[in-house]
Amino acid sequence: MERLLAIWIEALCEEAPDGSTLRDHLALLDALSVLCPFTESVRLGLFVLPIRGPSRFFGGEAAVMENVRATIVELTGHEPSLGIADGLFCAEMCARRALVLEPGATESFRRSLPLSALGRKDVATTCQRLGLHTVGSFADLDIARVGERFNKQALVLQRIARGELFELDGQRDLKLATRLRQLRGEEDTRDEQLGFFGQRGAGDDRAEAAAHRVRRRLGVDAVVVASLRGGRVPEDRAALVPWGSPKSVIRDVAPWPGQMRAPSPATSLTRPVAVQLRDGNDHPVVMGVRGFLSEAPTTLLFSHQLRREVIWYAGPWPLVERWWSLNRRRAHVQVLLVSGEALLLTAESSRWWLAGIYD
Amino acid sequence: MFAFSSNRPTLPEDLVAILRPVALAKSRMLPLGEPWGSLVPNGGLRRGSTVVVQAQPGLGGLSLALSLLTESSARGHWSAVVGVDDPGVVAMADLGVDLRRVLFVPRPRGAWAESAADLLDGVDLLIVRPPSRASHGAARRLIDRVRERGTVLIVLAEPASLWPLPADLSFDITNAQWATSSRLDARYLTVRIGGRGEAVRAGEHVVVLPNRRGRCEAN
């Protein structure tokens with residue numbers, strides 16, 4: 001993790017009604033950006049900058065801190081409290097205590113912090129009753145036990161305590177950057193809609209204009225953009241939303257246990273088509289409660305006239321999902337038709353559906 | 001003088017490759033990933049050209065067309081897909097298409113040619129699946145527009161919806177064979193590549209599309 005210098009200015013933490021806090025903050029940010037271009041304003045009263053580059057430039061961490069201190073005192077008249085550690089969380093804690101940790105000392109410092117530093121009252125109280133007073137003792141708890149007792153955020157807290165994550169959940173003020181930009185008179189030109197495409201370029205503008213034309217011709221939801229989200233089967237993982245919808249925050253980044261592996265169907269039907277599977281005696285193939293097929297399927301019926309011979313099948317792969325609310329039971333089967341087409345079928349509520357075509 | 005002397009010092013090959021002036025034609029080409037890069041002339045898709053991918057329904061035509069997008073998409077080119085009702089988003093992501101720069105018009109409701117023409121200005125690659133055989137006039141207008149705008153048009157044609165005009169480059173899937181284990185593993189596509197103009201290394205090639213990781217690779 002990157003070694004950070006955190007700058008904590010107590011006087012700037014509370015916003016003054018005359019707006020001077022924000023102005024001071026902006027002036028400080030500009031001044032510190034001259035010392036180190038990667039300076040960030042994390043929250044009101046808290047700045048961080050990566051210390052490695054500047055300390056080489058100025059000749060040591062002490063020299064950087066001296067420069068920073070002089071700049072801040074000169075500009076605002078407030079005495080800052082400086083701290084150096086790895087990661088934002090520990091850097092802030094050090095800054096509040098005016099501590100400079102040696103490289104490699106962050107781990108032991110973090111473990112020695114009181115539990116209240118993590119900022120969750122219920123976790124802190126419960127753990128204290130159990131005799132756990134430091135972040136380190138919380139980190140040593142079994143993950144499964146923490147998950148049972150608390151919610152998901154507590155697991156995130158524990159990852160911070162273990163040093164796997166480096167930022168507390170509300171540590172950054174996300175609106176501050178926008179407010180500073182407004183104060184500076186720069187208009188925030190990034191529309192919510194356009195943010196969907198990430199950073200902008202000339203090609204993005206052209207594509208956007210083209211999408212607008214098609215929308216005018218065919219209607220608002222004619223142009224669609226796709227993204228991936230978590231899920232086991234292809235139809236769950238695909239998110240197709242009309243172009244211009246607000247950016248979705250859920251992204252498929254984490255590994256998903258039980259995920260159906262590639263190859264995935266190139267055509268994934270958003271509205272599955274009901275089909276029938278028959279065995280050699282022309283009886284319907286059904287999925288038993290144990291997840292086995294009653295017979296090997298030999299025929300696939302799209303309708304009475306349209307029937308295709310099945311030469312191979314794989315599966316079923318049963319999925320029992322959300323038994324606490326939806327109680328959705330599904331199973332997937334891959335079939336290969338005599339014509340060479342491969343299909344993905346779903347069994348749900350004792351019927352068969354065509355979910356995808358390996359087109 | 002020096003340049004013509006016989007004992008002029010030779011440069012290492014890799015340096016020569018860097019120093020050689022970039023061919024202007026390159027900027028008129030959109031890159032193709034492997035294995036297509038080594039199978040088509042110039043290793044890319046010429047801007048303003050029309051590519052026709054022809055296959056029986058369900059035998060890999062869509063996968064092939066999408067696999068032509070991957071390299072350009074990864075390099076930041078925009079693409080659009082018109083007339084593919086239910087695109088397999090996961091399959092596209094597996095192939096390596098950057099979904100952030102793909103526009104879909106799944107159901108153009110009879111206005112596929114107009115939608116395609118609208119999108120031509122905005123994207124570098126355009127996949128079109130006409131619902132039926134395109135009229136000669138509509139195809140001609142679209143191709144003229146493609147040539148003017150420098151887009152690459154990829155037409156996904158099936159026997160019921162043949163493309164009425166000759167293509168600059170054509171991929172014809174003649175056979176598709178699945179390799180299976182306890183699941184579908186990989187599909188071996190026999191593709192006949194043809195075209196006009198510069199001699200295409202015409203002939204049949206077998207490519208794996210998709211393979212076990214959902215990507216396209218040489219056999």
# chains A, B, ... in the order shown; residues from 1 in each chain; ligands from 1
call {"tool": "select_by_dssp", "arguments": {"residues": "segment 28-125 of chain A", "states": "strand (DSSP E)", "output": "PyMOL selection string"}}
result
chain A and resi 40-43+46-50+81-86
call {"tool": "write_last_selection", "arguments": {"atoms": "C-alpha atoms", "output": "short mmCIF file (atom, residue, chain, number, x, y, z; two decimals), in the first residue's frame"}}
result
data_model
loop_
_atom_site.label_atom_id
_atom_site.label_comp_id
_atom_site.auth_asym_id
_atom_site.auth_seq_id
_atom_site.Cartn_x
_atom_site.Cartn_y
_atom_site.Cartn_z
CA GLU A 40 -6.29 15.05 -2.55
CA SER A 41 -8.80 16.69 -0.31
CA VAL A 42 -10.45 13.75 1.35
CA ARG A 43 -12.85 15.64 3.59
CA LEU A 46 -8.17 16.41 5.77
CA PHE A 47 -5.71 16.24 2.89
CA VAL A 48 -3.53 13.37 1.78
CA LEU A 49 -0.62 13.14 -0.58
CA PRO A 50 1.63 10.24 -1.54
CA SER A 81 -1.24 17.98 12.45
CA LEU A 82 0.72 15.68 10.15
CA GLY A 83 0.99 11.91 10.07
CA ILE A 84 2.54 9.34 7.76
CA ALA A 85 1.36 5.77 7.38
CA ASP A 86 0.31 3.25 4.73
#
call {"tool": "residues_around", "arguments": {"residues": "Pro131 of chain B", "least_positions_apart": "4", "cutoff": "12 Å", "atoms": "only C-alpha atoms", "output": "number ranges by chain"}}
result
B: 82-85, 106-113, 135, 155-163
call {"tool": "write_last_selection", "arguments": {"atoms": "N, CA and C atoms", "output": "PDB file, in the first residue's frame"}}
result
ATOM      1  N   VAL B  82     -27.045  -3.906 -34.873  1.00  0.00           N
ATOM      2  CA  VAL B  82     -28.423  -3.600 -35.243  1.00  0.00           C
ATOM      3  C   VAL B  82     -29.129  -4.880 -35.646  1.00  0.00           C
ATOM      4  N   GLY B  83     -30.270  -5.100 -35.076  1.00  0.00           N
ATOM      5  CA  GLY B  83     -31.122  -6.204 -35.522  1.00  0.00           C
ATOM      6  C   GLY B  83     -30.849  -7.532 -34.839  1.00  0.00           C
ATOM      7  N   VAL B  84     -29.944  -7.568 -33.876  1.00  0.00           N
ATOM      8  CA  VAL B  84     -29.737  -8.793 -33.106  1.00  0.00           C
ATOM      9  C   VAL B  84     -30.625  -8.683 -31.872  1.00  0.00           C
ATOM     10  N   ASP B  85     -31.698  -9.476 -31.857  1.00  0.00           N
ATOM     11  CA  ASP B  85     -32.747  -9.277 -30.851  1.00  0.00           C
ATOM     12  C   ASP B  85     -32.237  -9.419 -29.434  1.00  0.00           C
ATOM     13  N   PRO B 106     -31.675  -3.467 -30.736  1.00  0.00           N
ATOM     14  CA  PRO B 106     -32.103  -4.864 -30.860  1.00  0.00           C
ATOM     15  C   PRO B 106     -33.286  -5.046 -31.802  1.00  0.00           C
ATOM     16  N   ARG B 107     -34.246  -4.152 -31.721  1.00  0.00           N
ATOM     17  CA  ARG B 107     -35.450  -4.340 -32.532  1.00  0.00           C
ATOM     18  C   ARG B 107     -35.717  -3.081 -33.322  1.00  0.00           C
ATOM     19  N   PRO B 108     -35.137  -2.969 -34.513  1.00  0.00           N
ATOM     20  CA  PRO B 108     -35.303  -1.730 -35.272  1.00  0.00           C
ATOM     21  C   PRO B 108     -36.662  -1.620 -35.964  1.00  0.00           C
ATOM     22  N   ARG B 109     -37.519  -2.594 -35.783  1.00  0.00           N
ATOM     23  CA  ARG B 109     -38.905  -2.538 -36.262  1.00  0.00           C
ATOM     24  C   ARG B 109     -39.007  -2.105 -37.725  1.00  0.00           C
ATOM     25  N   GLY B 110     -38.387  -2.831 -38.608  1.00  0.00           N
ATOM     26  CA  GLY B 110     -38.521  -2.538 -40.034  1.00  0.00           C
ATOM     27  C   GLY B 110     -37.656  -1.404 -40.527  1.00  0.00           C
ATOM     28  N   ALA B 111     -37.066  -0.654 -39.615  1.00  0.00           N
ATOM     29  CA  ALA B 111     -36.228   0.466 -40.036  1.00  0.00           C
ATOM     30  C   ALA B 111     -34.762   0.140 -39.830  1.00  0.00           C
ATOM     31  N   TRP B 112     -34.396  -1.125 -40.106  1.00  0.00           N
ATOM     32  CA  TRP B 112     -33.020  -1.515 -39.822  1.00  0.00           C
ATOM     33  C   TRP B 112     -32.030  -0.738 -40.683  1.00  0.00           C
ATOM     34  N   ALA B 113     -32.383  -0.522 -41.965  1.00  0.00           N
ATOM     35  CA  ALA B 113     -31.441   0.171 -42.844  1.00  0.00           C
ATOM     36  C   ALA B 113     -31.276   1.622 -42.408  1.00  0.00           C
ATOM     37  N   SER B 135     -33.282  -5.252 -49.981  1.00  0.00           N
ATOM     38  CA  SER B 135     -33.491  -4.871 -51.376  1.00  0.00           C
ATOM     39  C   SER B 135     -32.181  -4.319 -51.932  1.00  0.00           C
ATOM     40  N   VAL B 155     -22.223  -7.447 -42.289  1.00  0.00           N
ATOM     41  CA  VAL B 155     -23.586  -7.914 -42.503  1.00  0.00           C
ATOM     42  C   VAL B 155     -23.653  -9.372 -42.098  1.00  0.00           C
ATOM     43  N   LEU B 156     -24.631  -9.675 -41.273  1.00  0.00           N
ATOM     44  CA  LEU B 156     -24.829 -11.043 -40.823  1.00  0.00           C
ATOM     45  C   LEU B 156     -25.951 -11.621 -41.670  1.00  0.00           C
ATOM     46  N   ALA B 157     -25.597 -12.463 -42.616  1.00  0.00           N
ATOM     47  CA  ALA B 157     -26.593 -12.959 -43.564  1.00  0.00           C
ATOM     48  C   ALA B 157     -26.857 -14.432 -43.328  1.00  0.00           C
ATOM     49  N   GLU B 158     -28.109 -14.798 -43.492  1.00  0.00           N
ATOM     50  CA  GLU B 158     -28.492 -16.192 -43.407  1.00  0.00           C
ATOM     51  C   GLU B 158     -29.107 -16.557 -44.751  1.00  0.00           C
ATOM     52  N   PRO B 159     -29.261 -17.841 -45.017  1.00  0.00           N
ATOM     53  CA  PRO B 159     -29.789 -18.206 -46.339  1.00  0.00           C
ATOM     54  C   PRO B 159     -31.102 -17.498 -46.662  1.00  0.00           C
ATOM     55  N   ALA B 160     -31.902 -17.182 -45.634  1.00  0.00           N
ATOM     56  CA  ALA B 160     -33.169 -16.510 -45.897  1.00  0.00           C
ATOM     57  C   ALA B 160     -33.000 -15.008 -46.065  1.00  0.00           C
ATOM     58  N   SER B 161     -31.847 -14.502 -45.707  1.00  0.00           N
ATOM     59  CA  SER B 161     -31.660 -13.049 -45.792  1.00  0.00           C
ATOM     60  C   SER B 161     -30.306 -12.756 -46.424  1.00  0.00           C
ATOM     61  N   LEU B 162     -30.126 -13.234 -47.638  1.00  0.00           N
ATOM     62  CA  LEU B 162     -28.842 -13.066 -48.311  1.00  0.00           C
ATOM     63  C   LEU B 162     -28.600 -11.597 -48.638  1.00  0.00           C
ATOM     64  N   TRP B 163     -27.331 -11.246 -48.652  1.00  0.00           N
ATOM     65  CA  TRP B 163     -26.953  -9.877 -48.990  1.00  0.00           C
ATOM     66  C   TRP B 163     -26.882  -9.772 -50.510  1.00  0.00           C
TER      67      TRP B 163
END
call {"tool": "residues_around", "arguments": {"residues": "Asn175 of chain B", "least_positions_apart": "2", "cutoff": "7 Å", "atoms": "only C-alpha atoms", "output": "PyMOL selection string"}}
result
chain B and resi 173+177+189-190
call {"tool": "write_last_selection", "arguments": {"atoms": "C-alpha atoms", "output": "mmCIF file, in the first residue's frame"}}
result
data_model
loop_
_atom_site.group_PDB
_atom_site.id
_atom_site.type_symbol
_atom_site.label_atom_id
_atom_site.label_comp_id
_atom_site.auth_asym_id
_atom_site.auth_seq_id
_atom_site.Cartn_x
_atom_site.Cartn_y
_atom_site.Cartn_z
ATOM 1 C CA ILE B 173 -19.333 -20.809 -42.335
ATOM 2 C CA GLN B 177 -18.655 -29.008 -34.976
ATOM 3 C CA LEU B 189 -15.969 -23.631 -37.331
ATOM 4 C CA THR B 190 -14.953 -24.251 -40.893
#
call {"tool": "closest_residue", "arguments": {"among": "A:Ser112, A:Ser33, A:Thr346, A:Thr126", "to": "Glu235 of chain A", "atoms": "only C-alpha atoms"}}
result
A:Thr346
call {"tool": "interface_residues", "arguments": {"of": "chain B", "to": "chain A", "cutoff": "6 Å", "atoms": "only C-alpha atoms", "output": "ChimeraX atom specification"}}
result
/B:58-60,62,86-91,100,103-105,115,118-119,122-123,182-183,212-214
call {"tool": "residues_around", "arguments": {"residues": "Leu141 of chain A", "least_positions_apart": "6", "cutoff": "12 Å", "atoms": "only C-alpha atoms", "output": "ChimeraX atom specification"}}
result
/A:127,130,132,134-135,147-149,154-155,157-159,161-162
call {"tool": "write_last_selection", "arguments": {"atoms": "C-alpha atoms", "output": "mmCIF file, in the first residue's frame"}}
result
data_model
loop_
_atom_site.group_PDB
_atom_site.id
_atom_site.type_symbol
_atom_site.label_atom_id
_atom_site.label_comp_id
_atom_site.auth_asym_id
_atom_site.auth_seq_id
_atom_site.Cartn_x
_atom_site.Cartn_y
_atom_site.Cartn_z
ATOM 1 C CA CYS A 127 -16.699 -6.370 21.077
ATOM 2 C CA LEU A 130 -16.508 -9.614 24.757
ATOM 3 C CA LEU A 132 -11.970 -7.143 22.606
ATOM 4 C CA THR A 134 -8.293 -3.183 19.914
ATOM 5 C CA VAL A 135 -8.616 -3.314 16.155
ATOM 6 C CA GLY A 147 -20.741 -12.276 9.496
ATOM 7 C CA GLU A 148 -23.226 -14.093 11.708
ATOM 8 C CA ARG A 149 -23.294 -11.424 14.378
ATOM 9 C CA ALA A 154 -18.959 -5.144 9.609
ATOM 10 C CA LEU A 155 -17.206 -7.580 7.296
ATOM 11 C CA LEU A 157 -14.697 -3.138 8.669
ATOM 12 C CA GLN A 158 -12.964 -6.359 9.495
ATOM 13 C CA ARG A 159 -11.159 -6.310 6.178
ATOM 14 C CA ALA A 161 -8.888 -4.107 10.463
ATOM 15 C CA ARG A 162 -6.964 -6.903 8.767
#
call {"tool": "closest_residue", "arguments": {"among": "B:Ile154, B:Leu95, B:Cys216, B:Ala176", "to": "Arg46 of chain B", "atoms": "only C-alpha atoms"}}
result
B:Ile154
call {"tool": "closest_residue", "arguments": {"among": "B:Pro130, B:Ala179, B:Arg149, B:Arg215", "to": "Pro164 of chain B", "atoms": "only C-alpha atoms"}}
result
B:Pro130
call {"tool": "residues_around", "arguments": {"residues": "segment 281-285 of chain A", "least_positions_apart": "5", "cutoff": "7 Å", "atoms": "only C-alpha atoms", "output": "mmCIF file with C-alpha atoms, in the first residue's frame"}}
result
data_model
loop_
_atom_site.group_PDB
_atom_site.id
_atom_site.type_symbol
_atom_site.label_atom_id
_atom_site.label_comp_id
_atom_site.auth_asym_id
_atom_site.auth_seq_id
_atom_site.Cartn_x
_atom_site.Cartn_y
_atom_site.Cartn_z
ATOM 1 C CA LEU A 293 -33.880 -35.834 -15.460
ATOM 2 C CA SER A 294 -36.526 -38.519 -15.698
ATOM 3 C CA GLU A 295 -35.146 -39.795 -19.017
ATOM 4 C CA PRO A 297 -34.112 -36.263 -23.913
#
call {"tool": "atom_distance", "arguments": {"atom1": "atom CA of Leu176 of chain A", "atom2": "atom CA of Val68 of chain A"}}
result
21.4 Å
call {"tool": "closest_residue", "arguments": {"among": "A:Leu22, A:Gln259, A:Ser245, A:Arg216", "to": "Gly230 of chain A", "atoms": "only C-alpha atoms"}}
result
A:Gln259
call {"tool": "residues_around", "arguments": {"residues": "Gly77 of chain A", "least_positions_apart": "5", "cutoff": "12 Å", "atoms": "only C-alpha atoms", "output": "PyMOL selection string"}}
result
chain A and resi 9-12+24+28+69-72
call {"tool": "residues_around", "arguments": {"residues": "Asp172 of chain B", "least_positions_apart": "3", "cutoff": "7 Å", "atoms": "only C-alpha atoms", "output": "compact mmCIF listing (two decimals) with N, CA and C atoms, in the first residue's frame"}}
result
# COMPACT_ATOMS: atom_id res chain seq x y z
N VAL B 53 -20.86 -11.94 -43.33
CA VAL B 53 -20.69 -13.19 -42.61
C VAL B 53 -21.93 -14.02 -42.90
N GLN B 54 -21.71 -15.18 -43.48
CA GLN B 54 -22.86 -15.97 -43.90
C GLN B 54 -22.83 -17.33 -43.23
N ALA B 55 -23.96 -17.70 -42.67
CA ALA B 55 -24.03 -18.99 -41.99
C ALA B 55 -25.47 -19.42 -41.90
N VAL B 191 -14.51 -22.12 -41.90
CA VAL B 191 -14.87 -20.84 -42.49
C VAL B 191 -14.19 -20.69 -43.84
N ARG B 192 -14.98 -20.35 -44.84
CA ARG B 192 -14.39 -20.05 -46.14
C ARG B 192 -14.29 -18.54 -46.26
N ILE B 193 -13.07 -18.06 -46.41
CA ILE B 193 -12.87 -16.62 -46.50
C ILE B 193 -12.70 -16.27 -47.97
call {"tool": "atom_distance", "arguments": {"atom1": "atom CA of Gly37 of chain B", "atom2": "atom CA of Leu165 of chain B"}}
result
24.4 Å
call {"tool": "atom_distance", "arguments": {"atom1": "atom CA of Ala347 of chain A", "atom2": "atom CA of Ala331 of chain A"}}
result
5.1 Å
